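Text of work-v7.cif (mmCIF, C-alpha atoms and all ligand atoms) as supplied:
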data_query
loop_
_atom_site.group_PDB
_atom_site.id
_atom_site.type_symbol
_atom_site.label_atom_id
_atom_site.label_comp_id
_atom_site.auth_asym_id
_atom_site.auth_seq_id
_atom_site.Cartn_x
_atom_site.Cartn_y
_atom_site.Cartn_z
ATOM 1 C CA MET A 1 57.126 -15.080 48.371
ATOM 2 C CA LYS A 2 56.002 -13.433 45.130
ATOM 3 C CA ILE A 3 55.577 -15.766 42.199
ATOM 4 C CA ILE A 4 54.479 -15.187 38.614
ATOM 5 C CA MET A 5 53.130 -18.088 36.574
ATOM 6 C CA LEU A 6 53.875 -17.758 32.865
ATOM 7 C CA GLY A 7 52.680 -19.963 30.045
ATOM 8 C CA ALA A 8 50.183 -20.165 27.226
ATOM 9 C CA PRO A 9 46.460 -20.276 28.010
ATOM 10 C CA GLY A 10 45.737 -23.897 28.889
ATOM 11 C CA ALA A 11 49.312 -24.740 29.928
ATOM 12 C CA GLY A 12 47.999 -25.675 33.374
ATOM 13 C CA LYS A 13 49.378 -22.673 35.222
ATOM 14 C CA GLY A 14 46.080 -21.987 36.987
ATOM 15 C CA THR A 15 45.928 -25.473 38.488
ATOM 16 C CA GLN A 16 49.546 -25.234 39.628
ATOM 17 C CA ALA A 17 49.055 -21.694 40.962
ATOM 18 C CA LYS A 18 46.182 -22.879 43.181
ATOM 19 C CA ARG A 19 48.328 -25.676 44.603
ATOM 20 C CA ILE A 20 51.261 -23.355 45.275
ATOM 21 C CA ALA A 21 48.910 -20.918 47.009
ATOM 22 C CA ALA A 22 47.504 -23.680 49.220
ATOM 23 C CA LYS A 23 50.940 -25.086 50.097
ATOM 24 C CA TYR A 24 52.508 -21.755 51.044
ATOM 25 C CA GLY A 25 49.416 -20.021 52.450
ATOM 26 C CA ILE A 26 49.550 -17.123 50.000
ATOM 27 C CA PRO A 27 46.686 -15.827 47.832
ATOM 28 C CA HIS A 28 46.218 -17.037 44.273
ATOM 29 C CA ILE A 29 45.483 -13.993 42.148
ATOM 30 C CA SER A 30 43.995 -14.777 38.752
ATOM 31 C CA THR A 31 43.095 -11.723 36.689
ATOM 32 C CA GLY A 32 40.930 -13.969 34.486
ATOM 33 C CA ASP A 33 38.922 -15.064 37.565
ATOM 34 C CA ILE A 34 38.566 -11.461 38.730
ATOM 35 C CA PHE A 35 37.333 -10.393 35.289
ATOM 36 C CA ARG A 36 34.907 -13.341 35.178
ATOM 37 C CA ALA A 37 33.555 -12.488 38.648
ATOM 38 C CA ASN A 38 32.962 -8.915 37.457
ATOM 39 C CA LEU A 39 31.290 -10.214 34.343
ATOM 40 C CA LYS A 40 28.985 -12.434 36.357
ATOM 41 C CA ASN A 41 28.072 -9.569 38.687
ATOM 42 C CA GLU A 42 27.576 -7.283 35.675
ATOM 43 C CA THR A 43 29.827 -4.548 37.061
ATOM 44 C CA GLU A 44 31.056 -1.676 34.861
ATOM 45 C CA LEU A 45 34.485 -3.350 34.723
ATOM 46 C CA GLY A 46 32.863 -6.637 33.738
ATOM 47 C CA LYS A 47 30.921 -5.011 30.918
ATOM 48 C CA LYS A 48 34.056 -3.325 29.569
ATOM 49 C CA ALA A 49 36.135 -6.536 29.848
ATOM 50 C CA LYS A 50 33.537 -8.794 28.221
ATOM 51 C CA GLU A 51 33.918 -7.445 24.698
ATOM 52 C CA TYR A 52 37.635 -8.282 24.733
ATOM 53 C CA MET A 53 37.393 -11.600 26.582
ATOM 54 C CA ASP A 54 34.728 -13.064 24.309
ATOM 55 C CA GLN A 55 36.951 -12.387 21.315
ATOM 56 C CA GLY A 56 40.037 -13.945 22.920
ATOM 57 C CA LEU A 57 41.723 -10.534 23.105
ATOM 58 C CA LEU A 58 43.478 -8.994 26.081
ATOM 59 C CA VAL A 59 41.662 -6.448 28.204
ATOM 60 C CA PRO A 60 43.485 -3.087 27.855
ATOM 61 C CA ASP A 61 46.450 -2.610 30.230
ATOM 62 C CA GLU A 62 44.978 0.440 31.927
ATOM 63 C CA LEU A 63 41.868 -1.440 33.042
ATOM 64 C CA THR A 64 43.848 -4.515 34.082
ATOM 65 C CA LEU A 65 46.411 -2.549 36.080
ATOM 66 C CA GLU A 66 43.760 -0.655 38.008
ATOM 67 C CA LEU A 67 42.179 -3.931 39.044
ATOM 68 C CA VAL A 68 45.445 -5.652 39.996
ATOM 69 C CA MET A 69 46.837 -2.733 41.985
ATOM 70 C CA ASP A 70 43.607 -2.651 44.020
ATOM 71 C CA ARG A 71 43.979 -6.344 44.723
ATOM 72 C CA PHE A 72 47.631 -6.000 45.847
ATOM 73 C CA ALA A 73 46.584 -3.370 48.368
ATOM 74 C CA GLN A 74 44.460 -5.916 50.241
ATOM 75 C CA ASP A 75 45.696 -7.258 53.538
ATOM 76 C CA ASP A 76 46.204 -10.884 52.512
ATOM 77 C CA CYS A 77 48.895 -9.860 50.004
ATOM 78 C CA LYS A 78 51.407 -8.712 52.587
ATOM 79 C CA ASN A 79 53.276 -12.054 52.677
ATOM 80 C CA GLY A 80 53.265 -12.490 48.924
ATOM 81 C CA TYR A 81 51.087 -14.062 46.252
ATOM 82 C CA VAL A 82 51.069 -16.252 43.214
ATOM 83 C CA LEU A 83 50.005 -14.434 40.065
ATOM 84 C CA ASP A 84 48.158 -16.364 37.392
ATOM 85 C CA GLY A 85 47.461 -14.583 34.105
ATOM 86 C CA PHE A 86 49.200 -11.369 35.113
ATOM 87 C CA PRO A 87 51.374 -9.796 33.820
ATOM 88 C CA ARG A 88 50.472 -10.584 30.230
ATOM 89 C CA THR A 89 52.162 -7.721 28.386
ATOM 90 C CA ILE A 90 55.499 -5.911 28.737
ATOM 91 C CA PRO A 91 53.806 -2.694 29.983
ATOM 92 C CA GLN A 92 52.003 -4.746 32.675
ATOM 93 C CA ALA A 93 55.300 -6.365 33.712
ATOM 94 C CA GLU A 94 57.033 -2.992 33.839
ATOM 95 C CA ALA A 95 54.221 -1.531 35.939
ATOM 96 C CA LEU A 96 54.505 -4.435 38.379
ATOM 97 C CA THR A 97 58.307 -4.125 38.617
ATOM 98 C CA LYS A 98 57.934 -0.399 39.308
ATOM 99 C CA ALA A 99 55.131 -0.749 41.871
ATOM 100 C CA LEU A 100 57.235 -3.285 43.801
ATOM 101 C CA ALA A 101 60.512 -1.344 43.407
ATOM 102 C CA ASP A 102 58.789 1.702 44.929
ATOM 103 C CA LYS A 103 58.459 -0.424 48.082
ATOM 104 C CA GLN A 104 62.013 -1.877 47.806
ATOM 105 C CA ASP A 105 60.442 -5.138 46.776
ATOM 106 C CA ALA A 106 60.593 -7.490 43.768
ATOM 107 C CA VAL A 107 59.137 -10.693 42.332
ATOM 108 C CA ASP A 108 61.050 -13.814 43.476
ATOM 109 C CA PHE A 109 60.240 -16.289 40.718
ATOM 110 C CA ALA A 110 58.702 -16.261 37.238
ATOM 111 C CA ILE A 111 57.848 -19.862 36.415
ATOM 112 C CA ASN A 112 57.187 -20.697 32.781
ATOM 113 C CA VAL A 113 54.970 -23.753 32.323
ATOM 114 C CA ASP A 114 56.035 -24.797 28.837
ATOM 115 C CA VAL A 115 53.559 -26.655 26.566
ATOM 116 C CA PRO A 116 53.641 -26.749 22.722
ATOM 117 C CA ASP A 117 50.675 -25.202 20.853
ATOM 118 C CA GLU A 118 49.376 -28.548 19.474
ATOM 119 C CA ALA A 119 48.970 -29.945 22.979
ATOM 120 C CA ILE A 120 47.248 -26.749 24.123
ATOM 121 C CA VAL A 121 44.479 -26.937 21.519
ATOM 122 C CA SER A 122 43.548 -30.530 22.352
ATOM 123 C CA ARG A 123 43.724 -29.835 26.080
ATOM 124 C CA MET A 124 41.529 -26.755 26.047
ATOM 125 C CA SER A 125 38.598 -28.466 24.368
ATOM 126 C CA GLY A 126 38.440 -30.792 27.402
ATOM 127 C CA ARG A 127 38.544 -27.997 29.934
ATOM 128 C CA ARG A 128 35.448 -27.348 32.053
ATOM 129 C CA ALA A 129 34.848 -24.415 34.343
ATOM 130 C CA CYS A 130 32.427 -23.922 37.206
ATOM 131 C CA LEU A 131 30.005 -21.070 36.556
ATOM 132 C CA ASN A 132 29.611 -20.555 40.279
ATOM 133 C CA CYS A 133 33.075 -20.631 41.947
ATOM 134 C CA GLY A 134 35.450 -20.448 38.963
ATOM 135 C CA GLY A 135 36.949 -23.898 39.657
ATOM 136 C CA THR A 136 38.546 -25.525 36.616
ATOM 137 C CA TYR A 137 38.710 -29.206 35.664
ATOM 138 C CA HIS A 138 39.532 -31.350 32.660
ATOM 139 C CA VAL A 139 37.363 -34.204 31.390
ATOM 140 C CA GLU A 140 40.436 -36.401 30.923
ATOM 141 C CA PHE A 141 43.292 -35.073 33.090
ATOM 142 C CA ASN A 142 41.439 -33.679 36.095
ATOM 143 C CA PRO A 143 37.862 -35.001 36.088
ATOM 144 C CA THR A 144 35.244 -34.202 38.714
ATOM 145 C CA LYS A 145 33.724 -36.968 40.840
ATOM 146 C CA THR A 146 30.351 -36.432 39.144
ATOM 147 C CA GLU A 147 30.406 -35.510 35.471
ATOM 148 C CA GLY A 148 29.458 -31.882 34.824
ATOM 149 C CA ILE A 149 29.282 -30.923 38.517
ATOM 150 C CA CYS A 150 31.920 -28.931 40.432
ATOM 151 C CA ASP A 151 33.599 -30.920 43.248
ATOM 152 C CA ALA A 152 34.140 -27.784 45.313
ATOM 153 C CA CYS A 153 30.683 -26.170 45.275
ATOM 154 C CA GLY A 154 28.269 -28.378 43.323
ATOM 155 C CA GLY A 155 27.947 -25.737 40.560
ATOM 156 C CA LYS A 156 27.315 -26.583 36.921
ATOM 157 C CA LEU A 157 30.380 -27.011 34.680
ATOM 158 C CA VAL A 158 30.608 -25.481 31.199
ATOM 159 C CA LEU A 159 33.041 -25.171 28.296
ATOM 160 C CA ARG A 160 33.899 -21.488 28.569
ATOM 161 C CA GLU A 161 33.349 -19.331 25.480
ATOM 162 C CA ASP A 162 37.076 -18.514 25.487
ATOM 163 C CA ASP A 163 38.048 -22.223 25.627
ATOM 164 C CA LYS A 164 36.280 -23.017 22.334
ATOM 165 C CA PRO A 165 38.752 -24.091 19.583
ATOM 166 C CA GLU A 166 38.416 -20.992 17.376
ATOM 167 C CA THR A 167 38.926 -18.696 20.366
ATOM 168 C CA VAL A 168 41.830 -20.817 21.626
ATOM 169 C CA LEU A 169 43.721 -20.349 18.341
ATOM 170 C CA LYS A 170 43.230 -16.620 18.602
ATOM 171 C CA ARG A 171 44.343 -16.608 22.250
ATOM 172 C CA LEU A 172 47.480 -18.543 21.283
ATOM 173 C CA ASN A 173 48.313 -15.895 18.680
ATOM 174 C CA VAL A 174 47.757 -13.163 21.252
ATOM 175 C CA TYR A 175 49.954 -15.118 23.689
ATOM 176 C CA HIS A 176 52.852 -15.417 21.214
ATOM 177 C CA GLU A 177 52.662 -11.771 20.248
ATOM 178 C CA GLN A 178 52.066 -10.095 23.593
ATOM 179 C CA THR A 179 52.918 -12.454 26.455
ATOM 180 C CA GLN A 180 55.821 -14.602 25.247
ATOM 181 C CA PRO A 181 58.189 -11.580 25.309
ATOM 182 C CA LEU A 182 57.857 -11.738 29.112
ATOM 183 C CA ILE A 183 60.005 -14.873 29.064
ATOM 184 C CA ASP A 184 62.973 -12.781 27.884
ATOM 185 C CA TYR A 185 62.018 -9.950 30.235
ATOM 186 C CA TYR A 186 62.178 -12.172 33.343
ATOM 187 C CA SER A 187 65.146 -14.111 32.022
ATOM 188 C CA GLU A 188 67.056 -10.816 31.860
ATOM 189 C CA GLN A 189 65.997 -10.124 35.462
ATOM 190 C CA GLY A 190 67.502 -13.510 36.404
ATOM 191 C CA ILE A 191 64.304 -14.941 37.947
ATOM 192 C CA LEU A 192 62.958 -17.081 35.092
ATOM 193 C CA LYS A 193 62.506 -20.815 35.777
ATOM 194 C CA GLU A 194 61.217 -23.336 33.251
ATOM 195 C CA VAL A 195 59.119 -26.432 33.890
ATOM 196 C CA ASP A 196 57.906 -28.998 31.360
ATOM 197 C CA GLY A 197 54.119 -28.557 31.359
ATOM 198 C CA THR A 198 53.509 -31.686 29.259
ATOM 199 C CA LEU A 199 54.333 -33.874 32.273
ATOM 200 C CA ASP A 200 51.760 -35.306 34.624
ATOM 201 C CA MET A 201 50.187 -32.626 36.883
ATOM 202 C CA GLU A 202 51.859 -34.120 39.990
ATOM 203 C CA ASP A 203 55.270 -34.092 38.318
ATOM 204 C CA VAL A 204 54.856 -30.490 37.202
ATOM 205 C CA PHE A 205 53.984 -29.553 40.787
ATOM 206 C CA GLY A 206 57.011 -31.498 42.071
ATOM 207 C CA ALA A 207 59.303 -29.640 39.658
ATOM 208 C CA ILE A 208 57.886 -26.310 40.836
ATOM 209 C CA ILE A 209 58.373 -27.157 44.514
ATOM 210 C CA THR A 210 61.986 -28.150 43.797
ATOM 211 C CA ILE A 211 62.546 -24.728 42.214
ATOM 212 C CA LEU A 212 60.864 -22.803 45.041
ATOM 213 C CA GLU A 213 62.740 -24.677 47.753
ATOM 214 C CA ALA A 214 66.164 -24.855 46.099
HETATM 215 P P1 LIG A 301 42.540 -16.411 31.741
HETATM 216 O O1 LIG A 301 41.493 -17.095 32.521
HETATM 217 O O2 LIG A 301 43.738 -16.005 32.573
HETATM 218 O O3 LIG A 301 42.968 -17.157 30.518
HETATM 219 O O4 LIG A 301 41.907 -15.033 31.235
HETATM 220 C C1 LIG A 301 40.736 -14.979 30.445
HETATM 221 C C2 LIG A 301 40.669 -13.669 29.680
HETATM 222 O O5 LIG A 301 40.680 -12.556 30.607
HETATM 223 C C3 LIG A 301 41.831 -13.388 28.734
HETATM 224 O O6 LIG A 301 41.676 -14.008 27.498
HETATM 225 C C4 LIG A 301 41.788 -11.861 28.651
HETATM 226 O O7 LIG A 301 40.743 -11.426 27.805
HETATM 227 C C5 LIG A 301 41.427 -11.469 30.073
HETATM 228 N N1 LIG A 301 42.647 -11.276 30.906
HETATM 229 C C6 LIG A 301 43.042 -12.007 31.983
HETATM 230 N N2 LIG A 301 44.186 -11.544 32.499
HETATM 231 C C7 LIG A 301 44.550 -10.484 31.724
HETATM 232 C C8 LIG A 301 45.655 -9.565 31.737
HETATM 233 N N3 LIG A 301 46.651 -9.669 32.651
HETATM 234 N N4 LIG A 301 45.681 -8.593 30.789
HETATM 235 C C9 LIG A 301 44.699 -8.479 29.885
HETATM 236 N N5 LIG A 301 43.655 -9.314 29.797
HETATM 237 C C10 LIG A 301 43.564 -10.295 30.717
#
Would you mind writing the structure in this file as structure tokens?
Amino acid sequence: MKIIMLGAPGAGKGTQAKRIAAKYGIPHISTGDIFRANLKNETELGKKAKEYMDQGLLVPDELTLELVMDRFAQDDCKNGYVLDGFPRTIPQAEALTKALADKQDAVDFAINVDVPDEAIVSRMSGRRACLNCGGTYHVEFNPTKTEGICDACGGKLVLREDDKPETVLKRLNVYHEQTQPLIDYYSEQGILKEVDGTLDMEDVFGAIITILEA
């Protein structure tokens, strides 16, 4: 099963993607997480990506595609995956469609987690990320057992630079300009599904499962 999660930054698609991955035993591929891991390890890719990420801009397609295609070639991807944060532009989506078509394959579902901009801004300021394992939480909607400490690995939680309000507004603009057109793109391919991302996390997950198992 190959699934794409669509939605604005902060719509909750990462949380849902992780749950889908766990339920169906497929890898969760987050380009944001891969970029952040590279940043942390100070790789060449990380250094190049940082200047864009810190400004709330997208990393250029060429760099992103190289990274994603490498990831797809790994063994654990043979039964599918859930993509979180990729594709984010029409050229990325076209490259993915082509790479899969070359193997007589295609994406099964593009799930749009729909949340209005106003809700996004207030949500993002409560988001906390683990510096160590990349886990994400929310002070109100998905708190950790101990404040400021990651449940999964005990790492320290921070408000990511790109979750700060001024960066969030910029990321929302980038989303509307560059990523929202993907909704039409996948709608035309007949695989777009919509879920209401303002609902409770459990209800959003339930709606997604209903779609995947229909
Ligand atoms: P995310 O955690 O998915 O919100 O990603 C954080 C940042 O990583 C984004 O604001 C971009 O700078 C970069 N990024 C992640 N995925 C992509 C992508 N598919 N294309 C370009 N930039 C990306």
List as a PyMOL selection string the protein and nucleic acid residues lying within 10 Å of ligand LIG 301 (chain A), with all atoms listed in the file counted.
chain A and resi 8-11+13-14+29-36+49-65+67-68+83-89+92-93+134+136+160-163+167-168+170-172+174-175+178-179
Written file, previous selection with C-alpha atoms, as a CSV table (one decimal), in the coordinates of the input:
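Saved the output as again_23.csv:
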chain,number,residue,atom,x,y,z
A,8,ALA,CA,50.2,-20.2,27.2
A,9,PRO,CA,46.5,-20.3,28.0
A,10,GLY,CA,45.7,-23.9,28.9
A,11,ALA,CA,49.3,-24.7,29.9
A,13,LYS,CA,49.4,-22.7,35.2
A,14,GLY,CA,46.1,-22.0,37.0
A,29,ILE,CA,45.5,-14.0,42.1
A,30,SER,CA,44.0,-14.8,38.8
A,31,THR,CA,43.1,-11.7,36.7
A,32,GLY,CA,40.9,-14.0,34.5
A,33,ASP,CA,38.9,-15.1,37.6
A,34,ILE,CA,38.6,-11.5,38.7
A,35,PHE,CA,37.3,-10.4,35.3
A,36,ARG,CA,34.9,-13.3,35.2
A,49,ALA,CA,36.1,-6.5,29.8
A,50,LYS,CA,33.5,-8.8,28.2
A,51,GLU,CA,33.9,-7.4,24.7
A,52,TYR,CA,37.6,-8.3,24.7
A,53,MET,CA,37.4,-11.6,26.6
A,54,ASP,CA,34.7,-13.1,24.3
A,55,GLN,CA,37.0,-12.4,21.3
A,56,GLY,CA,40.0,-13.9,22.9
A,57,LEU,CA,41.7,-10.5,23.1
A,58,LEU,CA,43.5,-9.0,26.1
A,59,VAL,CA,41.7,-6.4,28.2
A,60,PRO,CA,43.5,-3.1,27.9
A,61,ASP,CA,46.4,-2.6,30.2
A,62,GLU,CA,45.0,0.4,31.9
A,63,LEU,CA,41.9,-1.4,33.0
A,64,THR,CA,43.8,-4.5,34.1
A,65,LEU,CA,46.4,-2.5,36.1
A,67,LEU,CA,42.2,-3.9,39.0
A,68,VAL,CA,45.4,-5.7,40.0
A,83,LEU,CA,50.0,-14.4,40.1
A,84,ASP,CA,48.2,-16.4,37.4
A,85,GLY,CA,47.5,-14.6,34.1
A,86,PHE,CA,49.2,-11.4,35.1
A,87,PRO,CA,51.4,-9.8,33.8
A,88,ARG,CA,50.5,-10.6,30.2
A,89,THR,CA,52.2,-7.7,28.4
A,92,GLN,CA,52.0,-4.7,32.7
A,93,ALA,CA,55.3,-6.4,33.7
A,134,GLY,CA,35.4,-20.4,39.0
A,136,THR,CA,38.5,-25.5,36.6
A,160,ARG,CA,33.9,-21.5,28.6
A,161,GLU,CA,33.3,-19.3,25.5
A,162,ASP,CA,37.1,-18.5,25.5
A,163,ASP,CA,38.0,-22.2,25.6
A,167,THR,CA,38.9,-18.7,20.4
A,168,VAL,CA,41.8,-20.8,21.6
A,170,LYS,CA,43.2,-16.6,18.6
A,171,ARG,CA,44.3,-16.6,22.2
A,172,LEU,CA,47.5,-18.5,21.3
A,174,VAL,CA,47.8,-13.2,21.3
A,175,TYR,CA,50.0,-15.1,23.7
A,178,GLN,CA,52.1,-10.1,23.6
A,179,THR,CA,52.9,-12.5,26.5
Written as a VMD selection string, which residues does the PyMOL selection byres (((chain A and resi 121) around 9) and not hetatm) give for the file shown?
chain A and resid 10 117 to 120 122 to 125 163 165 168 to 169 172
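Those residues that approach Phe141 of chain A to within 9 Å, counting all atoms listed in the file, are Arg123, Gly126, Tyr137, Asp200 and Met201 of chain A; same-chain residues fewer than 4 positions away are not listed.
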Would you output that residue set with C-alpha atoms, as an mmCIF file, keeping the file's coordinate frame?
data_model
loop_
_atom_site.group_PDB
_atom_site.id
_atom_site.type_symbol
_atom_site.label_atom_id
_atom_site.label_comp_id
_atom_site.auth_asym_id
_atom_site.auth_seq_id
_atom_site.Cartn_x
_atom_site.Cartn_y
_atom_site.Cartn_z
ATOM 1 C CA ARG A 123 43.724 -29.835 26.080
ATOM 2 C CA GLY A 126 38.440 -30.792 27.402
ATOM 3 C CA TYR A 137 38.710 -29.206 35.664
ATOM 4 C CA ASP A 200 51.760 -35.306 34.624
ATOM 5 C CA MET A 201 50.187 -32.626 36.883
#
Please return the centre and edge lengths, in Å to one decimal, of a box with edges along x, y and z that contains all listed atoms of segment 134-151 of chain A, widened by 4 Å on every side, as AutoDock Vina command-line options.
--center_x 36.3 --center_y -28.7 --center_z 37.1 --size_x 22.0 --size_y 24.5 --size_z 20.3
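Taking all atoms listed in the file into account, Val139 of chain A lies nearest to A:Leu159 out of the set A:Leu159, A:Cys77, A:Ala207, A:Leu192.
Note that the spacing between atom CA of Asp102 of chain A and atom CA of Glu66 of chain A amounts to 16.7 Å.
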On this structure, the PyMOL selection byres (((chain A and resi 107-111) around 6) and not hetatm) would catch which residues? List them as a PyMOL selection string, sorted by chain and number.
chain A and resi 2-6+106+112+191-194
Go ahead and write the residues just picked, C-alpha atoms, as a compact mmCIF listing (two decimals), keeping the file's coordinate frame.
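Dumped everything to again26.txt:
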# COMPACT_ATOMS: atom_id res chain seq x y z
CA LYS A 2 56.00 -13.43 45.13
CA ILE A 3 55.58 -15.77 42.20
CA ILE A 4 54.48 -15.19 38.61
CA MET A 5 53.13 -18.09 36.57
CA LEU A 6 53.88 -17.76 32.86
CA ALA A 106 60.59 -7.49 43.77
CA ASN A 112 57.19 -20.70 32.78
CA ILE A 191 64.30 -14.94 37.95
CA LEU A 192 62.96 -17.08 35.09
CA LYS A 193 62.51 -20.82 35.78
CA GLU A 194 61.22 -23.34 33.25
Residue with the minimum atom-to-atom distance to Tyr186 of chain A, picked from A:Phe205, A:Ala21, A:Glu94, A:Leu39 with only C-alpha atoms counted, is A:Glu94
For segment 5-13 of chain A, supply all heavy atoms and format the output as an mmCIF file, in the frame of the given file.
data_model
loop_
_atom_site.group_PDB
_atom_site.id
_atom_site.type_symbol
_atom_site.label_atom_id
_atom_site.label_comp_id
_atom_site.auth_asym_id
_atom_site.auth_seq_id
_atom_site.Cartn_x
_atom_site.Cartn_y
_atom_site.Cartn_z
ATOM 1 N N MET A 5 53.251 -16.911 37.432
ATOM 2 C CA MET A 5 53.130 -18.088 36.574
ATOM 3 C C MET A 5 53.011 -17.625 35.128
ATOM 4 O O MET A 5 52.102 -16.855 34.795
ATOM 5 C CB MET A 5 51.881 -18.894 36.938
ATOM 6 C CG MET A 5 51.827 -19.391 38.365
ATOM 7 S SD MET A 5 53.215 -20.408 38.831
ATOM 8 C CE MET A 5 52.850 -21.902 37.884
ATOM 9 N N LEU A 6 53.929 -18.085 34.292
ATOM 10 C CA LEU A 6 53.875 -17.758 32.865
ATOM 11 C C LEU A 6 53.523 -19.012 32.084
ATOM 12 O O LEU A 6 53.764 -20.124 32.553
ATOM 13 C CB LEU A 6 55.237 -17.244 32.385
ATOM 14 C CG LEU A 6 55.722 -15.907 32.933
ATOM 15 C CD1 LEU A 6 57.146 -15.640 32.458
ATOM 16 C CD2 LEU A 6 54.801 -14.774 32.500
ATOM 17 N N GLY A 7 53.006 -18.811 30.878
ATOM 18 C CA GLY A 7 52.680 -19.963 30.045
ATOM 19 C C GLY A 7 51.464 -19.645 29.203
ATOM 20 O O GLY A 7 50.684 -18.742 29.531
ATOM 21 N N ALA A 8 51.300 -20.395 28.130
ATOM 22 C CA ALA A 8 50.183 -20.165 27.226
ATOM 23 C C ALA A 8 48.864 -20.456 27.948
ATOM 24 O O ALA A 8 48.851 -21.182 28.941
ATOM 25 C CB ALA A 8 50.326 -21.078 26.009
ATOM 26 N N PRO A 9 47.750 -19.908 27.430
ATOM 27 C CA PRO A 9 46.460 -20.276 28.010
ATOM 28 C C PRO A 9 46.278 -21.780 27.870
ATOM 29 O O PRO A 9 46.541 -22.328 26.805
ATOM 30 C CB PRO A 9 45.441 -19.511 27.151
ATOM 31 C CG PRO A 9 46.169 -19.100 25.917
ATOM 32 C CD PRO A 9 47.613 -18.998 26.277
ATOM 33 N N GLY A 10 45.927 -22.450 28.958
ATOM 34 C CA GLY A 10 45.737 -23.897 28.889
ATOM 35 C C GLY A 10 46.984 -24.697 29.216
ATOM 36 O O GLY A 10 46.966 -25.921 29.185
ATOM 37 N N ALA A 11 48.074 -24.020 29.594
ATOM 38 C CA ALA A 11 49.312 -24.740 29.928
ATOM 39 C C ALA A 11 49.206 -25.419 31.294
ATOM 40 O O ALA A 11 50.044 -26.242 31.650
ATOM 41 C CB ALA A 11 50.507 -23.789 29.900
ATOM 42 N N GLY A 12 48.183 -25.063 32.050
ATOM 43 C CA GLY A 12 47.999 -25.675 33.374
ATOM 44 C C GLY A 12 48.516 -24.786 34.498
ATOM 45 O O GLY A 12 48.624 -25.214 35.634
ATOM 46 N N LYS A 13 48.795 -23.538 34.190
ATOM 47 C CA LYS A 13 49.378 -22.673 35.222
ATOM 48 C C LYS A 13 48.386 -22.324 36.323
ATOM 49 O O LYS A 13 48.774 -22.143 37.462
ATOM 50 C CB LYS A 13 50.020 -21.427 34.617
ATOM 51 C CG LYS A 13 49.106 -20.550 33.811
ATOM 52 C CD LYS A 13 49.912 -19.429 33.161
ATOM 53 C CE LYS A 13 49.012 -18.406 32.513
ATOM 54 N NZ LYS A 13 48.025 -18.965 31.546
#
